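Student: For reference, the structure I am asking about is given below.
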Amino acid sequence: MPELKLEHKFDPKRKRHYLNDVLTVLHCHHYATLFTQLAIDAKELVEGTHILKETVEDVVFNVLSGYYKRNGITDPQERLALASQMFSTIGMGKMAVVSADVNGGEVDMPHPYVDEGWLKKWGKHKEPVNFIGSGYLCGMFSAVFDKPTRTYKATETQSKVMGAEKSHFKVAI
């Protein structure tokens with residue numbers, strides 16, 4: 001499997017970080033949990049959680065698709081491996097793709113960044129909160145299998161923030 005290659009640049013004049021020439025915001029779990037809570041609070045008013053998922057899906061799709069194209073990576077297994085490495089490298093936690101094909105698959109997250117940050121800040125929650133991880137998976141599957149965004153839906157069937165040992169997602173068309 002190929003190894004993810006990331007080039008980090010910092011523009012001191014604009015105070016901006018870039019990974020492979022893509023503007024990147026570096027964050028902490030406090031920030032991620034706060035804007036996740038904001039999305040939950042705005043769920044009914046402006047579909048906040050939906051907006052959060054779709055925004056992450058679009059960004060991940062563009063970043064991964066561009067990376068695959070620039071590096072000539074066409075094999076789905078190699079693409080999945082690189083997407084998993086990217087997930088960890090950008091600080092989103094650990095991911096293990098259990099199964100994946102053009103119709104969907106399953107993914108385990110033994111250490112999801114959002115859930116672990118939420119647990120440290122507020123403790124357990126009654127429903128899943130990893131909208132960022134869900135969006136990542138939708139964008140990842142679309143990029144891996146050359147499908148447009150909004151092709152896949154990721155559902156968190158087990159959630160670490162709800163007390164499960166790990167988070168588990170099912171991805172389907």
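Within each chain, counting starts at residue 1; across the structure tokens, chains are named A, B, ... in the order shown, with ligands numbered 1 upward in that order.
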Could you find all residues in range 17-82 of chain A that DSSP calls helix (DSSP H, G or I) from the backbone, and write them as a ChimeraX atom specification?

Tutor: /A:29-41,43-46,48-70,76-82

Student: Go ahead and save the residues from that selection, with C-alpha atoms, as a short mmCIF file (atom, residue, chain, number, x, y, z; two decimals), in the first residue's frame.

Tutor:
data_model
loop_
_atom_site.label_atom_id
_atom_site.label_comp_id
_atom_site.auth_asym_id
_atom_site.auth_seq_id
_atom_site.Cartn_x
_atom_site.Cartn_y
_atom_site.Cartn_z
CA HIS A 29 -11.10 18.94 20.49
CA HIS A 30 -12.57 21.90 22.39
CA TYR A 31 -13.28 23.70 19.13
CA ALA A 32 -14.64 20.58 17.39
CA THR A 33 -16.98 19.73 20.25
CA LEU A 34 -18.22 23.31 20.51
CA PHE A 35 -19.16 23.61 16.86
CA THR A 36 -20.65 20.11 16.98
CA GLN A 37 -22.81 21.21 19.91
CA LEU A 38 -23.73 24.35 17.97
CA ALA A 39 -24.80 22.17 15.02
CA ILE A 40 -26.93 20.03 17.35
CA ASP A 41 -28.49 23.14 18.89
CA LYS A 43 -30.53 21.06 14.16
CA GLU A 44 -34.16 22.08 13.77
CA LEU A 45 -33.62 25.74 12.95
CA VAL A 46 -31.11 25.41 10.10
CA GLY A 48 -27.00 22.33 11.60
CA THR A 49 -25.88 18.71 11.77
CA HIS A 50 -26.76 18.22 8.10
CA ILE A 51 -24.74 21.30 7.15
CA LEU A 52 -21.77 20.06 9.18
CA LYS A 53 -21.85 16.60 7.56
CA GLU A 54 -22.17 17.96 4.01
CA THR A 55 -19.43 20.54 4.49
CA VAL A 56 -16.99 17.88 5.67
CA GLU A 57 -18.12 15.55 2.86
CA ASP A 58 -17.39 18.21 0.22
CA VAL A 59 -13.99 19.13 1.63
CA VAL A 60 -12.85 15.52 2.06
CA PHE A 61 -14.06 14.59 -1.43
CA ASN A 62 -12.13 17.48 -2.99
CA VAL A 63 -8.95 16.87 -0.99
CA LEU A 64 -8.87 13.10 -1.59
CA SER A 65 -9.93 13.26 -5.25
CA GLY A 66 -7.24 15.84 -5.93
CA TYR A 67 -4.63 13.76 -4.13
CA TYR A 68 -5.56 10.62 -6.06
CA LYS A 69 -5.48 12.47 -9.37
CA ARG A 70 -2.15 14.23 -8.73
CA PRO A 76 -9.72 1.42 -4.59
CA GLN A 77 -7.77 -0.49 -1.92
CA GLU A 78 -4.85 1.92 -2.19
CA ARG A 79 -7.27 4.85 -2.08
CA LEU A 80 -8.93 3.47 1.06
CA ALA A 81 -5.57 2.98 2.76
CA LEU A 82 -4.54 6.55 1.96
#

Student: Might you pull out every residue within 10 Å of His125 in chain A, with only C-alpha atoms counted and same-chain residues fewer than 5 positions away left off, and present them as a ChimeraX atom specification?

Tutor: /A:115,118-119,159-163

Student: What is the distance between CA of Thr155 in chain A and CA of Leu137 in chain A, in Å to one decimal?

Tutor: 9.7 Å

Student: Taking only C-alpha atoms into account, which of A:Ile173, A:Trp122, A:Leu23, A:Met86 comes nearest Pro148 in chain A?

Tutor: A:Ile173

Student: Quote the spacing between CA of Cys28 in chain A and CA of Lys153 in chain A in Å to one decimal place.

Tutor: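 A separation of 26.2 Å between them.
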
Student: Near range 93-95 of chain A, within 10 Å and counting only C-alpha atoms, which residues show up once chain neighbours fewer than 3 positions away are dropped, as a list of chain:residue names?

Tutor: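 Selected residues are A:Ala81, A:Ala83, A:Ser84, A:Gln85, A:Met86, A:Phe87, A:Ser88, A:Thr89, A:Ile90, A:Val98, A:Val107, A:Asp108, A:Met109, A:Pro110, A:His111, A:Pro112, A:Tyr113, A:Val114, A:Asp115, A:Glu116, A:Gly133, A:Leu137, A:Ser167, A:His168.
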
Student: As a ChimeraX atom specification, please: all residues of chain A that backbone DSSP puts in strand (DSSP E or B).

Tutor: /A:8-11,16-19,22-24,93-101,104-112,153-158,167-172

Student: Enter the distance from CA of Gly105 in chain A to CA of Asp75 in chain A, in Å, rounded to one decimal.

Tutor: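 Separation of CA of Gly105 in chain A and CA of Asp75 in chain A: 16.5 Å.
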